[in-house]
>>> print(open('coords_35.cif').read())   # mmCIF, C-alpha atoms and all ligand atoms
data_entry
#
loop_
_atom_site.label_atom_id
_atom_site.label_comp_id
_atom_site.auth_asym_id
_atom_site.auth_seq_id
_atom_site.Cartn_x
_atom_site.Cartn_y
_atom_site.Cartn_z
CA MET A 1 33.89 79.48 56.56
CA ILE A 2 33.18 76.30 58.50
CA LYS A 3 33.12 76.05 62.30
CA VAL A 4 34.78 72.91 63.66
CA TRP A 5 33.53 71.31 66.87
CA THR A 6 35.18 68.63 68.98
CA ASP A 7 33.24 66.80 71.71
CA ALA A 8 30.34 69.21 71.05
CA ALA A 9 32.45 72.30 71.86
CA GLU A 10 33.74 74.92 69.42
CA ALA A 11 37.38 74.31 68.53
CA GLY A 12 38.31 76.29 65.41
CA LEU A 13 37.53 77.72 61.99
CA LEU A 14 38.28 76.21 58.59
CA ASP A 15 38.34 78.18 55.36
CA ARG A 16 39.40 77.87 51.75
CA TYR A 17 42.95 79.11 51.29
CA GLY A 18 45.04 79.78 48.20
CA GLU A 19 43.89 78.40 44.90
CA ARG A 20 42.85 74.94 46.01
CA GLY A 21 43.83 74.53 49.64
CA SER A 22 42.46 75.25 53.09
CA ALA A 23 43.53 76.74 56.41
CA PHE A 24 42.42 75.79 59.92
CA SER A 25 42.89 77.93 63.03
CA TYR A 26 42.08 77.05 66.60
CA LEU A 27 39.88 79.55 68.42
CA PRO A 28 41.59 81.43 71.26
CA ALA A 29 41.35 79.61 74.60
CA THR A 30 40.93 76.19 72.99
CA THR A 31 42.67 73.67 75.25
CA GLN A 32 44.71 70.67 74.05
CA ALA A 33 41.85 68.41 75.18
CA ARG A 34 39.81 69.88 72.27
CA MET A 35 42.48 69.29 69.59
CA VAL A 36 40.98 67.92 66.38
CA SER A 37 43.52 65.13 65.89
CA MET A 38 46.46 63.55 67.66
CA THR A 39 48.42 64.85 64.67
CA MET A 40 47.33 68.51 65.03
CA PRO A 41 48.00 69.98 68.49
CA VAL A 42 46.52 73.34 69.45
CA ARG A 43 48.86 76.14 68.38
CA LEU A 44 48.75 79.79 67.43
CA ALA A 45 49.82 79.28 63.79
CA SER A 46 47.14 77.94 61.48
CA TRP A 47 47.31 74.47 59.92
CA ASN A 48 47.39 74.95 56.15
CA VAL A 49 47.37 72.52 53.25
CA PRO A 50 47.88 73.49 49.57
CA PHE A 51 45.26 71.02 48.26
CA GLY A 52 41.90 70.05 49.69
CA LEU A 53 41.49 69.56 53.43
CA PRO A 54 43.84 68.41 56.21
CA PRO A 55 43.48 64.58 56.47
CA ILE A 56 41.42 64.59 59.68
CA PHE A 57 38.74 66.80 58.07
CA GLU A 58 38.78 64.79 54.86
CA MET A 59 38.62 61.48 56.76
CA ASN A 60 34.82 61.01 56.77
CA LEU A 61 33.94 62.47 53.40
CA PRO A 62 31.91 60.02 51.31
CA GLU A 63 33.84 58.61 48.37
CA GLY A 64 32.56 56.82 45.29
CA PHE A 65 28.85 56.35 44.99
CA LEU A 66 27.45 58.61 47.71
CA ARG A 67 29.84 61.41 46.81
CA GLU A 68 28.72 61.35 43.18
CA ARG A 69 25.06 61.34 44.14
CA LEU A 70 25.56 64.25 46.56
CA ARG A 71 27.48 66.12 43.90
CA SER A 72 24.69 65.79 41.38
CA ALA A 73 22.06 66.71 43.98
CA PHE A 74 23.86 69.81 45.31
CA ALA A 75 26.13 71.04 42.51
CA LYS A 76 23.21 72.66 40.73
CA ALA A 77 22.71 75.09 43.58
CA THR A 78 26.37 76.00 44.10
CA GLY A 79 27.61 75.83 40.51
CA SER A 80 30.78 74.04 41.52
CA PHE A 81 31.33 71.36 44.13
CA ASP A 82 34.46 70.62 46.09
CA GLU A 83 35.45 68.94 49.37
CA PHE A 84 34.56 72.06 51.26
CA ASP A 85 30.99 71.90 49.94
CA LEU A 86 30.76 68.21 50.73
CA LEU A 87 31.92 68.82 54.30
CA SER A 88 29.29 71.54 54.72
CA ILE A 89 26.59 69.05 53.69
CA VAL A 90 27.54 66.03 55.82
CA GLY A 91 29.40 67.91 58.57
CA ARG A 92 26.77 67.83 61.30
CA SER A 93 26.66 64.02 61.44
CA GLN A 94 30.04 62.29 61.34
CA VAL A 95 31.88 59.22 62.55
CA GLY A 96 33.99 60.19 65.59
CA ARG A 97 33.98 63.29 67.81
CA ILE A 98 34.32 66.13 65.26
CA ARG A 99 31.39 68.06 63.79
CA TYR A 100 31.14 70.94 61.32
CA THR A 101 28.59 73.76 61.01
CA GLY A 102 28.32 77.19 59.45
CA GLU A 103 30.33 79.90 61.16
CA LYS A 104 27.36 81.30 63.11
CA GLU A 105 25.40 78.09 63.57
CA GLN A 106 24.91 75.97 66.65
CA LEU A 107 25.29 72.22 66.63
CA HIS A 108 22.15 70.13 66.00
CA GLU A 109 22.59 66.55 64.84
CA ASP A 110 18.93 65.53 64.82
CA VAL A 111 19.20 62.50 62.56
CA PRO A 112 15.72 61.24 61.58
CA PHE A 113 14.50 57.99 63.10
CA GLN A 114 14.51 54.78 61.12
CA SER A 115 13.45 51.26 61.98
CA VAL A 116 16.52 49.07 61.48
CA ASP A 117 14.29 46.01 61.87
CA GLU A 118 12.30 47.20 58.87
CA ILE A 119 15.46 47.31 56.73
CA LEU A 120 16.54 43.87 57.94
CA ALA A 121 13.16 42.26 57.39
CA ARG A 122 12.84 44.02 54.00
CA LYS A 123 9.45 45.34 55.00
CA ARG A 124 10.19 48.53 53.15
CA SER A 125 8.99 48.17 49.63
CA GLY A 126 10.42 49.98 46.62
CA ASP A 127 13.93 51.25 46.13
CA LEU A 128 15.75 51.06 49.47
CA PHE A 129 18.69 53.07 48.17
CA ARG A 130 16.58 55.96 46.98
CA TYR A 131 14.57 56.03 50.18
CA LEU A 132 17.71 56.05 52.37
CA PHE A 133 19.42 58.59 50.13
CA GLU A 134 16.60 61.07 50.45
CA LYS A 135 16.32 60.66 54.20
CA PHE A 136 19.92 60.09 55.33
CA ALA A 137 22.46 61.19 52.70
CA SER A 138 23.13 64.52 54.37
CA PHE A 139 23.60 62.78 57.74
CA SER A 140 26.14 60.34 56.35
CA GLY A 141 29.51 61.82 57.24
CA ILE A 142 31.20 58.52 56.59
CA SER A 143 33.90 57.54 54.12
CA GLY A 144 34.09 54.59 51.77
CA VAL A 145 33.41 53.78 48.15
CA GLN A 146 30.42 51.46 48.70
CA PRO A 147 26.96 53.01 49.07
CA LYS A 148 26.17 53.43 52.76
CA PHE A 149 24.16 55.58 55.18
CA MET A 150 24.21 56.47 58.84
CA VAL A 151 20.77 56.07 60.43
CA ARG A 152 19.25 56.54 63.90
CA ASP A 153 17.49 53.38 65.01
CA GLU A 154 14.15 54.11 66.62
CA LYS A 155 14.78 51.24 69.02
CA ALA A 156 18.16 52.55 70.21
CA PHE A 157 16.57 53.83 73.39
CA ALA A 158 15.12 50.49 74.40
CA GLU A 159 17.12 48.16 76.62
CA SER A 160 19.35 46.14 74.30
CA GLU A 161 20.50 42.58 74.85
CA HIS A 162 23.80 43.97 76.16
CA GLY A 163 21.94 46.03 78.75
CA GLN A 164 23.10 49.22 77.05
CA HIS A 165 20.72 51.94 76.11
CA LEU A 166 21.24 55.45 74.91
CA ARG A 167 20.11 58.58 76.65
CA GLN A 168 16.83 60.05 75.42
CA SER A 169 18.65 63.27 74.55
CA PHE A 170 20.82 61.45 71.98
CA ARG A 171 20.12 62.73 68.49
CA GLY A 172 22.90 61.16 66.44
CA ALA A 173 23.08 58.16 64.13
CA THR A 174 23.38 54.76 65.80
CA HIS A 175 23.92 52.39 62.85
CA ILE A 176 25.61 52.14 59.48
CA VAL A 177 23.64 50.57 56.63
CA LYS A 178 25.87 49.23 53.85
CA LEU A 179 24.34 48.43 50.45
CA TRP A 180 25.98 47.23 47.23
CA GLU A 181 25.84 47.68 43.50
CA PRO A 182 24.54 44.45 41.96
CA ASP A 183 26.47 44.78 38.71
CA GLU A 184 29.86 45.33 40.27
CA TYR A 185 29.87 43.58 43.63
CA PRO A 186 27.12 40.97 43.81
CA GLN A 187 26.33 39.70 47.31
CA LEU A 188 28.81 42.07 48.92
CA ALA A 189 26.78 42.34 52.14
CA ALA A 190 26.76 38.57 52.68
CA ASN A 191 30.44 38.40 51.73
CA GLU A 192 31.30 40.99 54.39
CA TYR A 193 28.94 39.36 56.87
CA PHE A 194 30.88 36.08 56.72
CA CYS A 195 34.30 37.75 56.75
CA LEU A 196 33.31 39.69 59.88
CA THR A 197 32.03 36.42 61.33
CA ALA A 198 35.49 34.90 60.83
CA ALA A 199 37.07 37.95 62.51
CA ARG A 200 34.77 37.55 65.50
CA LYS A 201 35.55 33.83 65.73
CA CYS A 202 39.26 34.74 65.92
CA GLY A 203 38.53 36.73 69.06
CA LEU A 204 38.86 40.13 67.40
CA ASP A 205 36.63 42.97 68.56
CA VAL A 206 33.85 43.34 65.95
CA PRO A 207 30.82 45.61 66.54
CA PRO A 208 27.42 43.87 66.31
CA PHE A 209 26.45 43.36 62.65
CA ARG A 210 23.34 41.92 60.96
CA LEU A 211 22.52 40.84 57.42
CA ALA A 212 19.14 41.74 55.90
CA ASP A 213 16.90 38.74 55.17
CA ASN A 214 17.31 39.22 51.44
CA GLY A 215 21.06 39.90 51.67
CA MET A 216 20.63 43.40 50.27
CA ALA A 217 22.06 45.28 53.26
CA LEU A 218 24.48 44.86 56.14
CA VAL A 219 23.68 46.84 59.29
CA ILE A 220 26.50 47.57 61.74
CA ASP A 221 26.39 49.25 65.14
CA ARG A 222 28.59 52.32 65.36
CA PHE A 223 31.59 51.63 67.59
CA ASP A 224 32.25 55.30 68.30
CA VAL A 225 28.98 55.96 70.17
CA ARG A 226 29.09 55.71 73.96
CA ALA A 227 26.07 54.64 75.99
CA ASP A 228 25.71 58.16 77.43
CA GLY A 229 25.27 59.51 73.89
CA THR A 230 28.70 61.14 73.56
CA TYR A 231 31.32 60.05 70.99
CA ARG A 232 34.73 58.47 71.10
CA GLY A 233 37.51 59.89 68.96
CA PHE A 234 38.38 57.93 65.82
CA GLU A 235 41.30 58.42 63.42
CA ASP A 236 42.12 56.17 60.50
CA PHE A 237 45.62 55.34 59.27
CA CYS A 238 45.47 57.86 56.43
CA VAL A 239 45.31 60.54 59.12
CA LEU A 240 48.02 58.92 61.26
CA ASN A 241 50.27 58.80 58.17
CA ALA A 242 49.36 62.38 57.16
CA ARG A 243 48.09 61.11 53.81
CA ARG A 244 45.14 62.17 51.75
CA THR A 245 42.29 59.78 51.01
CA ASP A 246 43.52 59.20 47.46
CA GLU A 247 46.79 57.91 48.95
CA LYS A 248 45.06 55.16 50.91
CA TYR A 249 46.81 52.43 48.90
CA ARG A 250 50.26 53.94 49.54
CA GLY A 251 52.43 52.42 52.22
CA SER A 252 53.40 49.16 53.85
CA TYR A 253 51.89 47.00 56.58
CA GLU A 254 55.24 47.09 58.37
CA THR A 255 55.66 50.88 58.63
CA SER A 256 52.41 52.60 57.72
CA VAL A 257 50.29 50.27 59.87
CA MET A 258 52.21 48.35 62.56
CA LYS A 259 54.97 50.85 63.32
CA ARG A 260 52.63 53.83 63.00
CA PHE A 261 50.29 52.22 65.50
CA THR A 262 53.02 52.00 68.14
CA GLN A 263 53.84 55.67 67.60
CA PHE A 264 50.31 56.81 68.38
CA ALA A 265 48.94 54.14 70.72
CA ASN A 266 50.29 55.81 73.86
CA SER A 267 48.74 52.94 75.76
CA THR A 268 49.71 50.27 78.26
CA HIS A 269 47.83 47.81 76.03
CA VAL A 270 50.03 48.42 73.01
CA GLY A 271 51.52 44.90 73.05
CA HIS A 272 48.11 43.27 73.17
CA ASP A 273 46.71 45.59 70.47
CA LEU A 274 49.70 44.92 68.21
CA GLU A 275 49.01 41.21 68.42
CA LYS A 276 45.41 41.91 67.39
CA LEU A 277 46.57 44.11 64.54
CA PHE A 278 48.88 41.36 63.33
CA LEU A 279 46.04 38.84 63.62
CA LEU A 280 43.84 41.13 61.54
CA VAL A 281 46.50 41.52 58.81
CA ALA A 282 46.98 37.73 58.73
CA LEU A 283 43.23 37.10 58.61
CA ASN A 284 42.88 39.53 55.70
CA CYS A 285 45.48 37.49 53.80
CA GLY A 286 43.72 34.21 54.60
CA LEU A 287 40.37 35.65 53.49
CA ARG A 288 41.99 37.15 50.40
CA ASN A 289 40.94 40.70 51.21
CA GLY A 290 42.85 42.90 48.80
CA ASP A 291 41.26 46.07 50.11
CA ALA A 292 42.85 46.33 53.57
CA HIS A 293 44.16 49.86 52.90
CA LEU A 294 45.00 52.71 55.27
CA LYS A 295 41.38 53.75 55.80
CA ASN A 296 40.35 50.24 56.81
CA PHE A 297 42.32 50.37 60.07
CA GLY A 298 41.94 52.96 62.78
CA VAL A 299 42.37 53.90 66.40
CA VAL A 300 39.76 54.99 68.94
CA TYR A 301 40.16 56.99 72.12
CA ASP A 302 38.17 58.58 74.92
CA ASP A 303 40.67 61.39 75.39
CA VAL A 304 42.72 62.77 72.50
CA GLN A 305 45.69 63.18 74.85
CA GLY A 306 45.20 59.79 76.46
CA GLU A 307 45.40 56.17 75.35
CA ALA A 308 44.52 55.24 71.78
CA ARG A 309 43.36 51.68 71.22
CA LEU A 310 43.08 49.69 68.03
CA ALA A 311 39.61 50.37 66.56
CA PRO A 312 37.17 47.47 66.26
CA VAL A 313 37.26 45.55 62.99
CA TYR A 314 35.31 46.78 59.93
CA ASP A 315 35.25 46.35 56.16
CA VAL A 316 36.70 42.87 55.73
CA VAL A 317 35.67 41.34 52.40
CA THR A 318 36.91 38.53 50.13
CA THR A 319 37.60 40.95 47.29
CA SER A 320 39.33 38.34 45.11
CA VAL A 321 35.91 36.93 44.12
CA TYR A 322 35.30 40.18 42.23
CA LEU A 323 38.86 40.83 41.06
CA PRO A 324 40.52 37.49 40.39
CA ILE A 325 44.01 39.00 40.07
CA ASP A 326 43.61 40.93 43.30
CA ARG A 327 46.64 41.53 45.51
CA LEU A 328 47.46 43.19 48.82
CA ALA A 329 46.28 46.78 49.24
CA LEU A 330 49.61 47.82 50.84
CA THR A 331 53.03 46.29 50.53
CA LEU A 332 54.42 43.58 52.76
CA ASN A 333 58.05 42.69 52.34
CA GLY A 334 58.28 45.27 49.58
CA THR A 335 55.62 43.65 47.37
CA THR A 336 51.85 43.40 47.03
CA GLU A 337 51.98 39.64 46.33
CA TRP A 338 50.00 37.60 48.83
CA PRO A 339 52.50 36.61 51.53
CA THR A 340 53.57 33.11 52.49
CA ALA A 341 52.98 31.94 56.05
CA LYS A 342 56.70 32.32 56.67
CA GLN A 343 56.65 35.97 55.60
CA LEU A 344 53.63 36.65 57.78
CA ARG A 345 55.31 35.03 60.75
CA ARG A 346 58.26 37.33 60.25
CA LEU A 347 55.91 40.31 60.34
CA GLY A 348 54.55 39.06 63.69
CA GLU A 349 58.00 38.54 65.14
CA THR A 350 59.61 41.76 63.92
CA ARG A 351 56.69 44.19 64.14
CA ALA A 352 54.29 42.82 66.74
CA GLY A 353 56.90 41.59 69.18
CA CYS A 354 55.46 38.07 69.14
CA THR A 355 57.50 34.96 69.89
CA PRO A 356 57.75 32.37 67.08
CA ALA A 357 55.33 30.15 69.00
CA LYS A 358 52.85 33.01 69.38
CA THR A 359 52.91 33.92 65.67
CA ARG A 360 52.29 30.27 64.73
CA GLN A 361 49.39 30.18 67.16
CA ILE A 362 47.91 33.39 65.70
CA LEU A 363 48.07 32.09 62.11
CA GLU A 364 46.52 28.82 63.21
CA ARG A 365 43.75 30.63 65.05
CA SER A 366 42.88 32.58 61.86
CA ALA A 367 42.93 29.39 59.80
CA GLU A 368 40.58 27.65 62.25
CA ALA A 369 38.19 30.59 62.35
CA ILE A 370 38.03 30.58 58.55
CA ALA A 371 37.38 26.83 58.50
CA GLU A 372 34.55 27.18 61.03
CA THR A 373 33.00 30.06 59.09
CA ALA A 374 33.18 28.03 55.87
CA THR A 375 30.52 25.74 57.36
CA ASP A 376 28.25 28.77 57.91
CA VAL A 377 28.83 29.88 54.31
CA LEU A 378 27.85 26.45 52.97
CA ARG A 379 24.67 26.41 55.04
CA TYR A 380 23.68 29.92 53.96
CA ALA A 381 24.44 29.20 50.30
CA LYS A 382 22.10 26.20 50.38
CA GLU A 383 19.24 28.36 51.58
CA HIS A 384 19.98 31.46 49.48
CA ALA A 385 20.32 30.61 45.82
CA PRO A 386 21.47 34.09 44.65
CA PHE A 387 24.49 33.73 46.97
CA ALA A 388 25.46 30.22 45.86
CA GLU A 389 27.94 31.21 43.16
CA ILE A 390 29.71 33.93 45.18
CA GLY A 391 29.69 31.62 48.21
CA ARG A 392 31.36 28.86 46.22
CA ARG A 393 34.03 31.26 44.96
CA MET A 394 34.62 32.62 48.47
CA LEU A 395 35.29 29.12 49.79
CA GLN A 396 37.77 28.50 46.97
CA GLU A 397 39.58 31.75 47.77
CA TRP A 398 39.65 30.93 51.47
CA GLU A 399 41.09 27.53 50.78
CA SER A 400 43.97 28.90 48.75
CA GLY A 401 44.39 31.83 51.16
CA VAL A 402 44.73 29.53 54.15
CA ARG A 403 46.98 27.10 52.30
CA ALA A 404 49.38 29.74 50.96
CA SER A 405 49.37 32.43 53.65
CA LEU A 406 48.46 30.82 56.95
CA ARG A 407 49.86 27.29 56.87
CA ASP A 408 53.20 25.92 55.63
N1 LIG A 501 31.02 50.16 63.00
C1 LIG A 501 31.54 51.34 62.69
N2 LIG A 501 31.44 52.38 63.55
C2 LIG A 501 31.96 53.58 63.24
N3 LIG A 501 32.60 53.86 62.08
C3 LIG A 501 32.73 52.87 61.19
C4 LIG A 501 32.21 51.58 61.44
N4 LIG A 501 32.48 50.80 60.35
C5 LIG A 501 33.12 51.59 59.48
N5 LIG A 501 33.29 52.84 59.97
C6 LIG A 501 33.90 53.98 59.31
O1 LIG A 501 33.27 54.10 58.06
C7 LIG A 501 34.21 54.04 57.01
C8 LIG A 501 33.58 53.33 55.83
O2 LIG A 501 33.18 52.03 56.16
P1 LIG A 501 33.67 50.80 55.30
O3 LIG A 501 35.15 50.78 55.29
O4 LIG A 501 32.97 49.62 55.86
O5 LIG A 501 33.10 51.21 53.88
P2 LIG A 501 33.50 50.76 52.39
O6 LIG A 501 32.72 51.61 51.49
O7 LIG A 501 33.36 49.28 52.27
O8 LIG A 501 35.03 51.16 52.32
P3 LIG A 501 36.06 50.98 51.09
O9 LIG A 501 36.05 52.27 50.39
O10 LIG A 501 37.32 50.73 51.86
O11 LIG A 501 35.60 49.81 50.30
C9 LIG A 501 35.41 53.34 57.61
O12 LIG A 501 36.60 53.69 56.93
C10 LIG A 501 35.38 53.86 59.03
O13 LIG A 501 35.93 55.16 59.07
MG MG A 502 36.57 50.78 53.87
#
>>> encode(input="coords_35.cif", output="structure tokens")
Amino acid sequence: MIKVWTDAAEAGLLDRYGERGSAFSYLPATTQARMVSMTMPVRLASWNVPFGLPPIFEMNLPEGFLRERLRSAFAKATGSFDEFDLLSIVGRSQVGRIRYTGEKEQLHEDVPFQSVDEILARKRSGDLFRYLFEKFASFSGISGVQPKFMVRDEKAFAESEHGQHLRQSFRGATHIVKLWEPDEYPQLAANEYFCLTAARKCGLDVPPFRLADNGMALVIDRFDVRADGTYRGFEDFCVLNARRTDEKYRGSYETSVMKRFTQFANSTHVGHDLEKLFLLVALNCGLRNGDAHLKNFGVVYDDVQGEARLAPVYDVVTTSVYLPIDRLALTLNGTTEWPTAKQLRRLGETRAGCTPAKTRQILERSAEAIAETATDVLRYAKEHAPFAEIGRRMLQEWESGVRASLRD
């Protein structure tokens, strides 16, 4: 049995149920303010699923690389290894406001300290992955296929350039360190670094991100941590669509992203956020990101019953440099072909409530941001030989992306 906590208070119990499913019950006296997801209000009846975990509890389970490594490290002890086991391992340190412990345990995050500067300046010798795995794997309640860890920066308590600093009592992770597998996705960190740069140049909200000197890691500030050391709620679009993680490529940008957002936003800023969401979809097309699936968009909130805002941007990559026949992750206009500018404009007009002039302006803004970032890519490629080939291919992809999807 697993105890589920929201905002550091006990909310309910989760247990295996049936042959392969699970059941979740709220504890008596739990108020709606403690509900685990906008999609699962407090009620007397339990929330049951026949397979695996309800989407909100599955949301932050590591996929791919980290999951396999955790399986091989822990399966020996338990004999078998399922999602329930994985949640027990990474449950105490998670993205968002939910935590998981044993039934009788109290909540202690206590993530070990790590110098982020040391990672960035590659002062740590030896195998960075192995070092981070041993120290942080069980604190990395974070989804995604690429190898990554959640770490607690030892400098997080110092005054930052934004004047923000965390309370001394804060014991959670402050940063996400993303690594990559050299054989499959060479230079992925630099690739993402420049795509996020383009997103920031468009005026989208992107958390601070830094590239290690040798390009081996990308370090991103968590956007769900508040300065007082408490957490904002986060739910990705798999959860909002009641889909499991393995259904993250199922759905359309029109319904499963744009329309779904309006159904949950519950906010006076919904019009503004929809424009940003449309801008992000358009930018992904211009950058030829074929991995903008349901888990790569999300909402954040301070109060689960209050306003939900579009989450800051994350995980934007020019995937077509690795998969030349790459296409959209979700459908647009009933197909996963890259859209034309005309089709994108129709998305803006019909789903984001933009005027024709506004949609043109948004596509142009993305195209300009990509052009400006291209200069940064060229400069970086000159100074970093291992990136030169991927950099050259990225610029080619951007050129055709902008030509076909952002301009007529
Ligand atoms: N800055 C951030 N703050 C908090 N949570 C984040 C942040 N960036 C990403 N996340 C969360 O971590 C998850 C994994 O991150 P990300 O999408 O970057 O990894 P990935 O391995 O590249 O994913 P994919 O499997 O889509 O390739 C996201 O789906 C989101 O839930
Ligand atoms: Mg992702």
>>> residues_near_ligand(input="coords_35.cif", ligand="ligand MG 502 (chain A)", cutoff="6 Å", atoms="all atoms listed in the file", output="JSON list (two decimals) with C-alpha atoms, keeping the file's coordinate frame")
[["chain", "number", "residue", "atom", "x", "y", "z"],
["A", 144, "GLY", "CA", 34.09, 54.59, 51.77],
["A", 295, "LYS", "CA", 41.38, 53.75, 55.80],
["A", 296, "ASN", "CA", 40.35, 50.24, 56.81],
["A", 315, "ASP", "CA", 35.25, 46.35, 56.16]]
>>> atom_distance(input="coords_35.cif", atom1="atom CA of A:Asn289", atom2="atom CA of A:Thr319")
5.2 Å
>>> atom_distance(input="coords_35.cif", atom1="atom CA of A:Val42", atom2="atom CA of A:Leu13")
12.5 Å
>>> closest_residue(input="coords_35.cif", among="A:Tyr314, A:Tyr249, A:Phe129, A:Phe261", to="A:Asp221", atoms="only C-alpha atoms")
A:Tyr314
>>> residues_near_ligand(input="coords_35.cif", ligand="ligand LIG 501 (chain A)", cutoff="8 Å", atoms="all atoms listed in the file", output="number ranges by chain")
A: 59-60, 63-64, 95-96, 142-148, 175-176, 178, 206-208, 220-225, 234-236, 291-293, 295-298, 312-316
